[in-house]
Amino acid sequence: MNAKLPRLGTAAAAIAVALGALHLALPPRENAEPAPPRRPDYFAFVRSMEGTTPDGAVKADSAERLQVDEELGYLFDYYLASLGEKDLPAVRSEIERELERRLRPAPAAEAKRLLASYLAYKRALADVESRLPKSADMAGGARARLAAMQQLRPQYFTPAQSAGLFGSADAQAADTIARLELAADRSLSAAEREARMAALDGRLPPAMREQRAAPTRVLRLEESVQQLRAQGVGDNEVYRLRAAALSPEAASRLAEVDREEADWKRRIAQYQAASRKPGAEPASQALRDAYFTPEEQRRLGAYE
C-alpha cells in the first residue's frame with residue numbers, strides 16, 4: 001500500500017518512496033491485473049491507511065472460480081497490517097466486506113473460507129516461530145523459518161492454494177537465502193563467489209530479476225539528483241530526470257517527499273532556535289506542540 005512514510009533523511013526518504021512508486025514504471029507482476037480503481041466513497045479503514053487503497057487484484061475466472069494467487073494474500077495482508085489499531089474480528093469483517101465488494105457471491109464465499117484458513121495458519125505460524133531455536137547464522141535461521149512455514153501449510157491449504165499464495169514469496173526467500181550463504185562461505189575465492197552469484201542471477205525469472213535490479217537503479221538515480229542539486233540544478237530539472245528514469249507519477253511523489261523533508265528541516269531549525277532563546281524551557285511540551293503533530297513528536301528524540 002502507498003502509505004505516507006515517516007520522516008527519514010532526504011536521500012533515504014526519496015529512495016523509500018521511489019521504491020514504493022517503482023511499480024508505476026516496472027512491468028506488472030506476472031499473472032496480475034491492475035488493482036481496482038479507487039472508489040469515490042472509499043474511506044480509510046484505520047488512520048494509518050489514509051491516502052491508500054487496498055492492495056491485491058483479486059479475481060475469479062469465467063466459471064466464477066476464485067483465482068488463488070499472491071494478489072489474494074496481498075489483500076489479506078493489507079488489512080492485517082491494521083492490527084493494533086483494530087482488533088482481529090473487526091479486521092476480518094472488513095476483509096470480508098472488501099471481498100464482497102470485489103467478487104460475485106460464489107468466489108467471495110470461497111475467498112472467505114480461504115481467509116479463515118489464512119488466519120489460522122498465521123496464528124499457528126506465530127507459535128511455531130516462537131519455538132524455533134535462536135541462531136547467529138542469518139542464512140541458517142532464515143532457511144529454518146522457511147522450512148517451518150512450508151511444513152505447516154499442508155494443514156491449512158491444498159498444494160494448489162499454497163503454490164498460488166506463497167510460491168512467488170518462497171522463490172524470492174530461497175534466492176535470498178542462497179545469496180546469504182554464498183556471502184558467508186569463507187571457503188570461496190572472490191572470483192568463485194562472483195561466478196556463483198552470477199549463476200543465481202541467471203536462474204531468476206525476468207520479473208524477479210527486474211525487482212532485484214530496481215533498488216540499485218533508484219540509489220544511482222538519487223545519487224545523481226544530489227549531485228545535480230549540489231550544482232544548483234532546480235526542481236524542474238530534477239523532476240524531468242526522475243520522470244525519465246521512473247515515471248511521471250513516481251517523480252511527482254518524490255517531489256512531494258522533497259517538499260515535506262524541506263518543511264520538516266525548517267521546523268526543526270525553528271524549534272531548536274526557539275528552545276535556545278533566553279527564558280525558554282528546552283524541549284517543553286508547549287514548544288513541541290507549536291511546531292509538530294503528536295505523531296511527529298515521537299521522532300524528535302534524535303534531534304533533542
# chains A, B, ... in the order shown; residues from 1 in each chain; ligands from 1

call {"tool": "residues_around", "arguments": {"residues": "stretch 236-239 of chain A", "least_positions_apart": "2", "cutoff": "12 Å", "atoms": "only C-alpha atoms", "output": "tab-separated table (two decimals) with C-alpha atoms, in the first residue's frame"}}
result
chain	number	residue	atom	x	y	z
A	221	LEU	CA	19.23	7.95	-9.55
A	222	GLU	CA	19.16	9.67	-6.14
A	223	GLU	CA	22.94	9.99	-6.15
A	224	SER	CA	22.59	11.80	-9.49
A	225	VAL	CA	19.86	14.02	-8.02
A	226	GLN	CA	22.06	15.00	-5.07
A	227	GLN	CA	24.93	15.83	-7.43
A	228	LEU	CA	22.65	17.97	-9.59
A	229	ARG	CA	21.28	19.81	-6.58
A	230	ALA	CA	24.84	20.49	-5.39
A	231	GLN	CA	25.46	22.09	-8.79
A	232	GLY	CA	22.43	24.36	-8.35
A	233	VAL	CA	20.03	22.50	-10.64
A	234	GLY	CA	16.39	23.35	-9.92
A	241	LEU	CA	15.37	13.28	-14.56
A	242	ARG	CA	13.21	11.24	-12.21
A	243	ALA	CA	10.31	11.06	-14.65
A	244	ALA	CA	12.57	9.72	-17.37
A	245	ALA	CA	14.14	7.13	-15.05
A	246	LEU	CA	10.95	6.04	-13.26
A	247	SER	CA	7.65	7.60	-14.31
A	248	PRO	CA	5.90	10.98	-14.04
A	249	GLU	CA	3.82	9.65	-11.14
A	250	ALA	CA	6.88	8.48	-9.22
A	251	ALA	CA	8.65	11.77	-9.91
A	252	SER	CA	5.68	13.69	-8.51
A	253	ARG	CA	5.68	11.60	-5.35
A	254	LEU	CA	9.41	12.12	-4.89
A	255	ALA	CA	8.96	15.87	-5.36
A	256	GLU	CA	6.36	15.81	-2.60
A	258	ASP	CA	11.39	16.68	-1.09

call {"tool": "residues_around", "arguments": {"residues": "A:Tyr79", "least_positions_apart": "2", "cutoff": "8 Å", "atoms": "only C-alpha atoms", "output": "VMD selection string"}}
result
chain A and resid 54 75 to 77 81 to 83 91 94 to 95

call {"tool": "atom_distance", "arguments": {"atom1": "atom CA of A:Arg131", "atom2": "atom CA of A:Ala169"}}
result
22.5 Å

call {"tool": "residues_around", "arguments": {"residues": "A:Arg145", "least_positions_apart": "6", "cutoff": "9 Å", "atoms": "only C-alpha atoms", "output": "list in words"}}
result
Val128, Glu129 and Leu132 of chain A

call {"tool": "select_by_dssp", "arguments": {"residues": "stretch 83-275 of chain A", "states": "helix (DSSP H, G or I)", "output": "JSON, numbers by chain"}}
result
{"A": [88, 89, 90, 91, 92, 93, 94, 95, 96, 97, 98, 99, 100, 101, 102, 105, 106, 107, 108, 109, 110, 111, 112, 113, 114, 115, 116, 117, 118, 119, 120, 121, 122, 123, 124, 125, 126, 127, 128, 129, 130, 131, 138, 139, 140, 141, 142, 143, 144, 145, 146, 147, 148, 149, 150, 151, 152, 153, 154, 155, 159, 160, 161, 162, 163, 164, 165, 166, 167, 168, 169, 170, 171, 172, 173, 174, 175, 176, 177, 178, 179, 180, 181, 182, 183, 184, 190, 191, 192, 193, 194, 195, 196, 197, 198, 199, 200, 201, 202, 203, 206, 207, 208, 209, 210, 211, 212, 213, 214, 215, 216, 217, 218, 219, 220, 221, 222, 223, 224, 225, 226, 227, 228, 229, 230, 235, 236, 237, 238, 239, 240, 241, 242, 243, 244, 245, 248, 249, 250, 251, 252, 253, 254, 255, 256, 257, 258, 259, 260, 261, 262, 263, 264, 265, 266, 267, 268, 269, 270, 271, 272, 273, 274, 275]}

call {"tool": "residues_around", "arguments": {"residues": "stretch 146-153 of chain A", "least_positions_apart": "2", "cutoff": "12 Å", "atoms": "only C-alpha atoms", "output": "ChimeraX atom specification"}}
result
/A:117-133,139-144,155-163,165-167,169-177

call {"tool": "write_last_selection", "arguments": {"atoms": "C-alpha atoms", "output": "PDB file, in the first residue's frame"}}
result
ATOM      1  CA  SER A 117      -7.515 -20.819   6.760  1.00  0.00           C
ATOM      2  CA  TYR A 118      -5.051 -17.961   6.267  1.00  0.00           C
ATOM      3  CA  LEU A 119      -5.758 -16.542   9.721  1.00  0.00           C
ATOM      4  CA  ALA A 120      -5.471 -19.959  11.349  1.00  0.00           C
ATOM      5  CA  TYR A 121      -2.180 -20.517   9.549  1.00  0.00           C
ATOM      6  CA  LYS A 122      -0.836 -17.150  10.725  1.00  0.00           C
ATOM      7  CA  ARG A 123      -1.724 -17.979  14.336  1.00  0.00           C
ATOM      8  CA  ALA A 124      -0.080 -21.389  14.109  1.00  0.00           C
ATOM      9  CA  LEU A 125       2.970 -19.914  12.401  1.00  0.00           C
ATOM     10  CA  ALA A 126       3.493 -17.422  15.239  1.00  0.00           C
ATOM     11  CA  ASP A 127       3.543 -20.343  17.672  1.00  0.00           C
ATOM     12  CA  VAL A 128       5.950 -22.362  15.513  1.00  0.00           C
ATOM     13  CA  GLU A 129       8.292 -19.394  15.079  1.00  0.00           C
ATOM     14  CA  SER A 130       8.412 -18.801  18.830  1.00  0.00           C
ATOM     15  CA  ARG A 131       9.828 -22.314  19.231  1.00  0.00           C
ATOM     16  CA  LEU A 132      12.492 -22.039  16.546  1.00  0.00           C
ATOM     17  CA  PRO A 133      15.982 -22.068  18.075  1.00  0.00           C
ATOM     18  CA  ALA A 139      21.056 -17.716   6.460  1.00  0.00           C
ATOM     19  CA  GLY A 140      20.544 -20.786   8.638  1.00  0.00           C
ATOM     20  CA  GLY A 141      17.844 -19.065  10.665  1.00  0.00           C
ATOM     21  CA  ALA A 142      16.051 -17.891   7.534  1.00  0.00           C
ATOM     22  CA  ARG A 143      16.213 -21.365   5.990  1.00  0.00           C
ATOM     23  CA  ALA A 144      14.801 -22.912   9.177  1.00  0.00           C
ATOM     24  CA  GLN A 155      -2.511 -28.406   7.447  1.00  0.00           C
ATOM     25  CA  TYR A 156      -4.340 -25.346   6.128  1.00  0.00           C
ATOM     26  CA  PHE A 157      -4.038 -25.252   2.328  1.00  0.00           C
ATOM     27  CA  THR A 158      -4.156 -27.545  -0.667  1.00  0.00           C
ATOM     28  CA  PRO A 159      -0.952 -27.770  -2.736  1.00  0.00           C
ATOM     29  CA  ALA A 160      -2.508 -25.513  -5.372  1.00  0.00           C
ATOM     30  CA  GLN A 161      -3.508 -22.926  -2.782  1.00  0.00           C
ATOM     31  CA  SER A 162      -0.040 -22.946  -1.211  1.00  0.00           C
ATOM     32  CA  ALA A 163       1.605 -22.534  -4.599  1.00  0.00           C
ATOM     33  CA  LEU A 165      -0.455 -17.763  -2.255  1.00  0.00           C
ATOM     34  CA  PHE A 166       3.188 -18.356  -1.387  1.00  0.00           C
ATOM     35  CA  GLY A 167       5.036 -19.659  -4.448  1.00  0.00           C
ATOM     36  CA  ALA A 169       7.477 -15.290  -1.979  1.00  0.00           C
ATOM     37  CA  ASP A 170       9.090 -18.674  -1.371  1.00  0.00           C
ATOM     38  CA  ALA A 171      11.142 -18.353  -4.555  1.00  0.00           C
ATOM     39  CA  GLN A 172      12.365 -14.911  -3.501  1.00  0.00           C
ATOM     40  CA  ALA A 173      13.167 -16.160   0.005  1.00  0.00           C
ATOM     41  CA  ALA A 174      15.095 -19.166  -1.319  1.00  0.00           C
ATOM     42  CA  ASP A 175      17.099 -16.910  -3.644  1.00  0.00           C
ATOM     43  CA  THR A 176      17.930 -14.502  -0.809  1.00  0.00           C
ATOM     44  CA  ILE A 177      18.991 -17.354   1.486  1.00  0.00           C
TER      45      ILE A 177
END

call {"tool": "atom_distance", "arguments": {"atom1": "atom CA of A:Tyr78", "atom2": "atom CA of A:Glu96"}}
result
12.8 Å
